[in-house]
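Novice: One structure, as structure tokens, below. Some questions next.
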Amino acid sequence: MTRNLLTLASALALLATPAAADTLKIGMITTLSGPGAGLGIDIRDGFALAVEHAGGKLGGQDTQVIEADDQQKPDVAVGLANRMVERDRVQVVTGVVWSNLALAMLPTLAGGQTFFISPNAGPSQLAGAQCNPYFFNAAYQNDQIHEAVGKHVQDEGFKKVYLMAPNYPAGKDGLAGFKRYYKGEVAGEVYTQVGQLDYAAELAQLKAAAPDAVYVFYPGGMGINFIKQYEQAGLKGAVPLFGPGFSFDQDILAAVGESALGVKNSAQWSPDLDNAANRKFVADFKAKYGRIPSMYAAQGYDTALLIDTAVKAVGGNLKDKDKLRAALASAKLQSLRGEVAFNTNHYPIHNIYLREVVKGADGAVTNKTVATVFTNHADAYVKDCPMK
């Protein structure tokens, strides 16, 4: 009898004990090798800093980050996505830099009911007709950043602008965004190979077109080489150069230095945004990694904050995907750039700033915020998204 009572008491105690919390498993698929590696490394490092700030527990859950290098190749990225879904059983995949990789990976991730939260790639297709319940973007829709410079160049009265970008989805989105607000003459619209590093022929064509301004979108190693060659061609100071933040951010400025001084560019974030969270992020990132954070690093951090917010909202219940989706969609993200809300297509509504490349008080070349171009800016494709 006593033994039966003890057995019953033990069983009741087990029932009263909360079930062990699920481990939050996150697949970090990003570019860690090749000319685009700096972008992926910054995303990874920003994300890792956010996890560290959360004590290793996003949303209060033990957090495991499984890292993999996509090598900037769609087939590699798809293979890694399949591995993360089938073998590693992650609940979330993030890290992707490139829009063509994001588009290639989504069918695998959505088919496996795995949330895909982009810290960078924001293709128009996934904002519009191909929006997906499992895809969220914590950074921006591709066009938004370019739209801000298009508006600035239009407002400044430039009449004849030459446009250049890589020939992939984000390049097409970028120049479409610029032209949405710039209404003057397009002196040339040139799409170059992804990963191209020699622009001698294109710069000769640019000179012959005699524009009064140039707008380029070249991230990573492409941007480093273009900016250096633009100066070597004698164009710096002769024809004003503009671009999105991707082409004039810290990952590029560290390599090109004073060649970029004075260039106006746009972003949803800047290292000098004056709020407590951003000041702490910039200081801690510099202390931990020995460099000024780029917008990619800030996006990685904000992505971790979004996951943290949503997982807390569902009390750590990672199995109810409908509730987790609703928590992501309704999040009022307290990001490094202030509060950010998400539209019905799961893309952010936020401010876009104009920045200028300057030399900081410490002598380092960096960006300074000079204006707010758009406030609470939504993307142009949400009307085409069937999710409501």
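Labels used: A, B, ... for chains in the order of the structure tokens, numbers from 1 for residues in each chain, and numbers from 1 for ligands as shown.
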Residues at most 9 Å from region 336-344 of chain A, counting only C-alpha atoms, excluding those fewer than 6 positions away in the same chain, as number ranges by chain?

Specialist: A: 136-138, 268-270, 273-279, 281, 298-299, 301-302, 328-330, 350-351, 376, 378-379, 382, 385-388

Novice: Could you find all residues in region 90-264 of chain A that DSSP calls alpha helix (DSSP H) from the backbone, and write them as a PyMOL selection string?

Specialist: chain A and resi 99-111+124-127+142-155+169-181+200-209+220-232+250-256

Novice: What would the file look like if the residues just selected were written as an mmCIF file, in the first residue's frame with C-alpha atoms?

Specialist:
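part.cif, written as the output of this step:
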data_model
loop_
_atom_site.group_PDB
_atom_site.id
_atom_site.type_symbol
_atom_site.label_atom_id
_atom_site.label_comp_id
_atom_site.auth_asym_id
_atom_site.auth_seq_id
_atom_site.Cartn_x
_atom_site.Cartn_y
_atom_site.Cartn_z
ATOM 1 C CA SER A 99 18.046 37.438 -53.318
ATOM 2 C CA ASN A 100 18.620 34.712 -55.915
ATOM 3 C CA LEU A 101 19.572 32.309 -53.128
ATOM 4 C CA ALA A 102 16.521 33.294 -51.072
ATOM 5 C CA LEU A 103 14.215 32.607 -54.032
ATOM 6 C CA ALA A 104 15.880 29.253 -54.652
ATOM 7 C CA MET A 105 15.663 28.149 -51.006
ATOM 8 C CA LEU A 106 12.103 29.138 -50.170
ATOM 9 C CA PRO A 107 10.269 26.146 -51.731
ATOM 10 C CA THR A 108 12.351 23.744 -49.626
ATOM 11 C CA LEU A 109 11.899 25.703 -46.415
ATOM 12 C CA ALA A 110 8.211 26.482 -46.844
ATOM 13 C CA GLY A 111 7.573 22.886 -47.936
ATOM 14 C CA SER A 124 10.120 41.916 -54.910
ATOM 15 C CA GLN A 125 8.681 38.512 -55.839
ATOM 16 C CA LEU A 126 8.387 37.505 -52.162
ATOM 17 C CA ALA A 127 6.876 40.878 -51.258
ATOM 18 C CA ASN A 142 15.036 45.524 -51.841
ATOM 19 C CA ASP A 143 13.508 48.518 -53.633
ATOM 20 C CA GLN A 144 12.956 50.616 -50.490
ATOM 21 C CA ILE A 145 16.593 51.584 -49.958
ATOM 22 C CA HIS A 146 17.078 52.591 -53.598
ATOM 23 C CA GLU A 147 13.830 54.557 -53.693
ATOM 24 C CA ALA A 148 15.252 56.949 -51.102
ATOM 25 C CA VAL A 149 18.241 57.912 -53.272
ATOM 26 C CA GLY A 150 15.985 58.201 -56.322
ATOM 27 C CA LYS A 151 13.900 60.743 -54.427
ATOM 28 C CA HIS A 152 16.991 62.617 -53.198
ATOM 29 C CA VAL A 153 18.548 62.811 -56.687
ATOM 30 C CA GLN A 154 15.211 63.979 -58.116
ATOM 31 C CA ASP A 155 14.818 66.619 -55.387
ATOM 32 C CA PRO A 169 17.020 39.913 -58.756
ATOM 33 C CA ALA A 170 18.245 42.488 -56.231
ATOM 34 C CA GLY A 171 20.000 44.439 -58.995
ATOM 35 C CA LYS A 172 16.791 44.619 -61.018
ATOM 36 C CA ASP A 173 14.786 45.564 -57.894
ATOM 37 C CA GLY A 174 17.355 48.207 -56.994
ATOM 38 C CA LEU A 175 17.233 50.130 -60.240
ATOM 39 C CA ALA A 176 13.442 49.743 -60.409
ATOM 40 C CA GLY A 177 13.242 51.313 -56.955
ATOM 41 C CA PHE A 178 15.509 54.205 -57.951
ATOM 42 C CA LYS A 179 13.456 54.901 -61.090
ATOM 43 C CA ARG A 180 10.202 54.820 -59.128
ATOM 44 C CA TYR A 181 11.147 58.224 -57.649
ATOM 45 C CA ALA A 200 37.100 49.275 -67.258
ATOM 46 C CA ALA A 201 34.824 48.748 -70.268
ATOM 47 C CA GLU A 202 31.707 49.882 -68.410
ATOM 48 C CA LEU A 203 33.442 53.003 -67.072
ATOM 49 C CA ALA A 204 34.510 53.953 -70.612
ATOM 50 C CA GLN A 205 30.871 53.681 -71.725
ATOM 51 C CA LEU A 206 29.779 55.712 -68.705
ATOM 52 C CA LYS A 207 32.216 58.513 -69.567
ATOM 53 C CA ALA A 208 30.975 58.598 -73.154
ATOM 54 C CA ALA A 209 27.371 59.000 -71.956
ATOM 55 C CA GLY A 220 30.701 43.350 -51.252
ATOM 56 C CA GLY A 221 33.814 42.881 -53.379
ATOM 57 C CA MET A 222 32.020 44.273 -56.442
ATOM 58 C CA GLY A 223 31.530 47.598 -54.658
ATOM 59 C CA ILE A 224 35.118 47.757 -53.421
ATOM 60 C CA ASN A 225 36.507 47.333 -56.926
ATOM 61 C CA PHE A 226 34.008 49.653 -58.587
ATOM 62 C CA ILE A 227 34.669 52.554 -56.200
ATOM 63 C CA LYS A 228 38.436 52.236 -56.577
ATOM 64 C CA GLN A 229 38.191 52.063 -60.369
ATOM 65 C CA TYR A 230 35.743 54.992 -60.480
ATOM 66 C CA GLU A 231 38.400 57.147 -58.805
ATOM 67 C CA GLN A 232 41.198 55.743 -60.983
ATOM 68 C CA GLN A 250 31.338 49.702 -43.379
ATOM 69 C CA ASP A 251 32.317 46.427 -45.055
ATOM 70 C CA ILE A 252 33.259 48.430 -48.177
ATOM 71 C CA LEU A 253 34.493 51.632 -46.521
ATOM 72 C CA ALA A 254 37.146 49.703 -44.584
ATOM 73 C CA ALA A 255 38.657 48.703 -47.944
ATOM 74 C CA VAL A 256 38.190 51.861 -50.035
#

Novice: So how many Å separate CA of Tyr140 (chain A) and CA of Ala54 (chain A), to one decimal?

Specialist: 23.8 Å

Novice: If you measure from CA of Val216 (chain A) to CA of Val373 (chain A), what distance in Å do you get, rounded to one decimal?

Specialist: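 Going from CA of Val216 (chain A) over to CA of Val373 (chain A) covers 18.6 Å.
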
Novice: List every residue of region 67-200 of chain A that DSSP, applied to the backbone of this structure, assigns to strand (DSSP E or B), and report them as a ChimeraX atom specification.

Specialist: /A:67-69,92-94,115-118,135-137,160-166,185-192

Novice: Using Å and a single decimal, report how far CA of Ser247 (chain A) sits from CA of Asp284 (chain A).

Specialist: 24.2 Å

Novice: Out of A:Asn345, A:Thr309, A:Gln113, A:Thr30, which residue has the shortest atom-to-atom distance to Ala331 (chain A) when counting only C-alpha atoms?

Specialist: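 Among A:Asn345, A:Thr309, A:Gln113, A:Thr30, it is A:Thr309 that comes nearest to Ala331 (chain A).
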
Novice: Which residue is closest to His53 (chain A)? Choose from A:Ala380, A:Ala304, A:Ile292, A:Met164 and count only C-alpha atoms.

Specialist: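 Ranking A:Ala380, A:Ala304, A:Ile292, A:Met164 by distance to His53 (chain A), first place goes to A:Ala304.
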
Novice: List the neighbours of Asn317 (chain A) out to 10 Å using only C-alpha atoms; skip same-chain residues closer than 5 positions along the sequence, and give me the result as a list in words.

Specialist: Ala21, Asp22, Leu24, Gly59, Gln61, Val311, Lys312, Lys323 and Leu324 of chain A

Novice: Only C-alpha atoms, please: the residues just picked out, written as a PDB file, in the first residue's frame.

Specialist:
ATOM      1  CA  ALA A  21      11.490  23.490 -22.825  1.00  0.00           C
ATOM      2  CA  ASP A  22      12.252  22.942 -26.494  1.00  0.00           C
ATOM      3  CA  LEU A  24      15.363  26.701 -30.343  1.00  0.00           C
ATOM      4  CA  GLY A  59      12.833  34.004 -26.323  1.00  0.00           C
ATOM      5  CA  GLN A  61      14.807  29.146 -24.847  1.00  0.00           C
ATOM      6  CA  VAL A 311       9.281  33.201 -29.214  1.00  0.00           C
ATOM      7  CA  LYS A 312       8.608  35.111 -25.993  1.00  0.00           C
ATOM      8  CA  LYS A 323       0.812  30.964 -33.240  1.00  0.00           C
ATOM      9  CA  LEU A 324       4.487  31.554 -33.952  1.00  0.00           C
TER      10      LEU A 324
END

Novice: Which is closest to Val194 (chain A) among A:Lys73, A:Arg355, A:Lys319, A:Lys383, if we use only C-alpha atoms?

Specialist: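 Of the candidates, the smallest distance to Val194 (chain A) is held by A:Lys73.
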
Novice: At a cut-off of 8 Å, using only C-alpha atoms, what residues contact Thr366 (chain A)? Leave out same-chain residues fewer than 4 positions from it and give the result as an mmCIF file with N, CA, C and O atoms, in the first residue's frame.

Specialist:
data_model
loop_
_atom_site.group_PDB
_atom_site.id
_atom_site.type_symbol
_atom_site.label_atom_id
_atom_site.label_comp_id
_atom_site.auth_asym_id
_atom_site.auth_seq_id
_atom_site.Cartn_x
_atom_site.Cartn_y
_atom_site.Cartn_z
ATOM 1 N N ASP A 249 28.782 50.934 -47.309
ATOM 2 C CA ASP A 249 28.676 50.607 -45.896
ATOM 3 C C ASP A 249 30.030 50.200 -45.352
ATOM 4 O O ASP A 249 31.025 50.150 -46.080
ATOM 5 N N GLN A 250 30.060 49.872 -44.069
ATOM 6 C CA GLN A 250 31.338 49.702 -43.379
ATOM 7 C C GLN A 250 32.188 48.589 -43.966
ATOM 8 O O GLN A 250 33.416 48.683 -43.977
ATOM 9 N N LEU A 253 33.705 50.450 -46.889
ATOM 10 C CA LEU A 253 34.493 51.632 -46.521
ATOM 11 C C LEU A 253 35.836 51.251 -45.906
ATOM 12 O O LEU A 253 36.830 51.961 -46.080
ATOM 13 N N VAL A 357 29.098 59.675 -46.481
ATOM 14 C CA VAL A 357 30.372 59.086 -46.057
ATOM 15 C C VAL A 357 31.288 60.204 -45.571
ATOM 16 O O VAL A 357 31.561 61.162 -46.303
ATOM 17 N N VAL A 358 31.736 60.096 -44.325
ATOM 18 C CA VAL A 358 32.568 61.125 -43.688
ATOM 19 C C VAL A 358 33.732 60.462 -42.965
ATOM 20 O O VAL A 358 33.775 59.245 -42.801
ATOM 21 N N LYS A 359 34.646 61.293 -42.509
ATOM 22 C CA LYS A 359 35.723 60.815 -41.644
ATOM 23 C C LYS A 359 35.316 61.135 -40.209
ATOM 24 O O LYS A 359 35.042 62.287 -39.873
ATOM 25 N N GLY A 360 35.244 60.112 -39.376
ATOM 26 C CA GLY A 360 34.817 60.290 -37.994
ATOM 27 C C GLY A 360 35.870 60.957 -37.138
ATOM 28 O O GLY A 360 37.005 61.203 -37.580
#

Novice: Looking at only C-alpha atoms, which of A:Pro74, A:Gly112, A:Gly188, A:Gly46 is the one that sits closest to Pro293 (chain A)?

Specialist: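 Among A:Pro74, A:Gly112, A:Gly188, A:Gly46, it is A:Gly46 that comes nearest to Pro293 (chain A).
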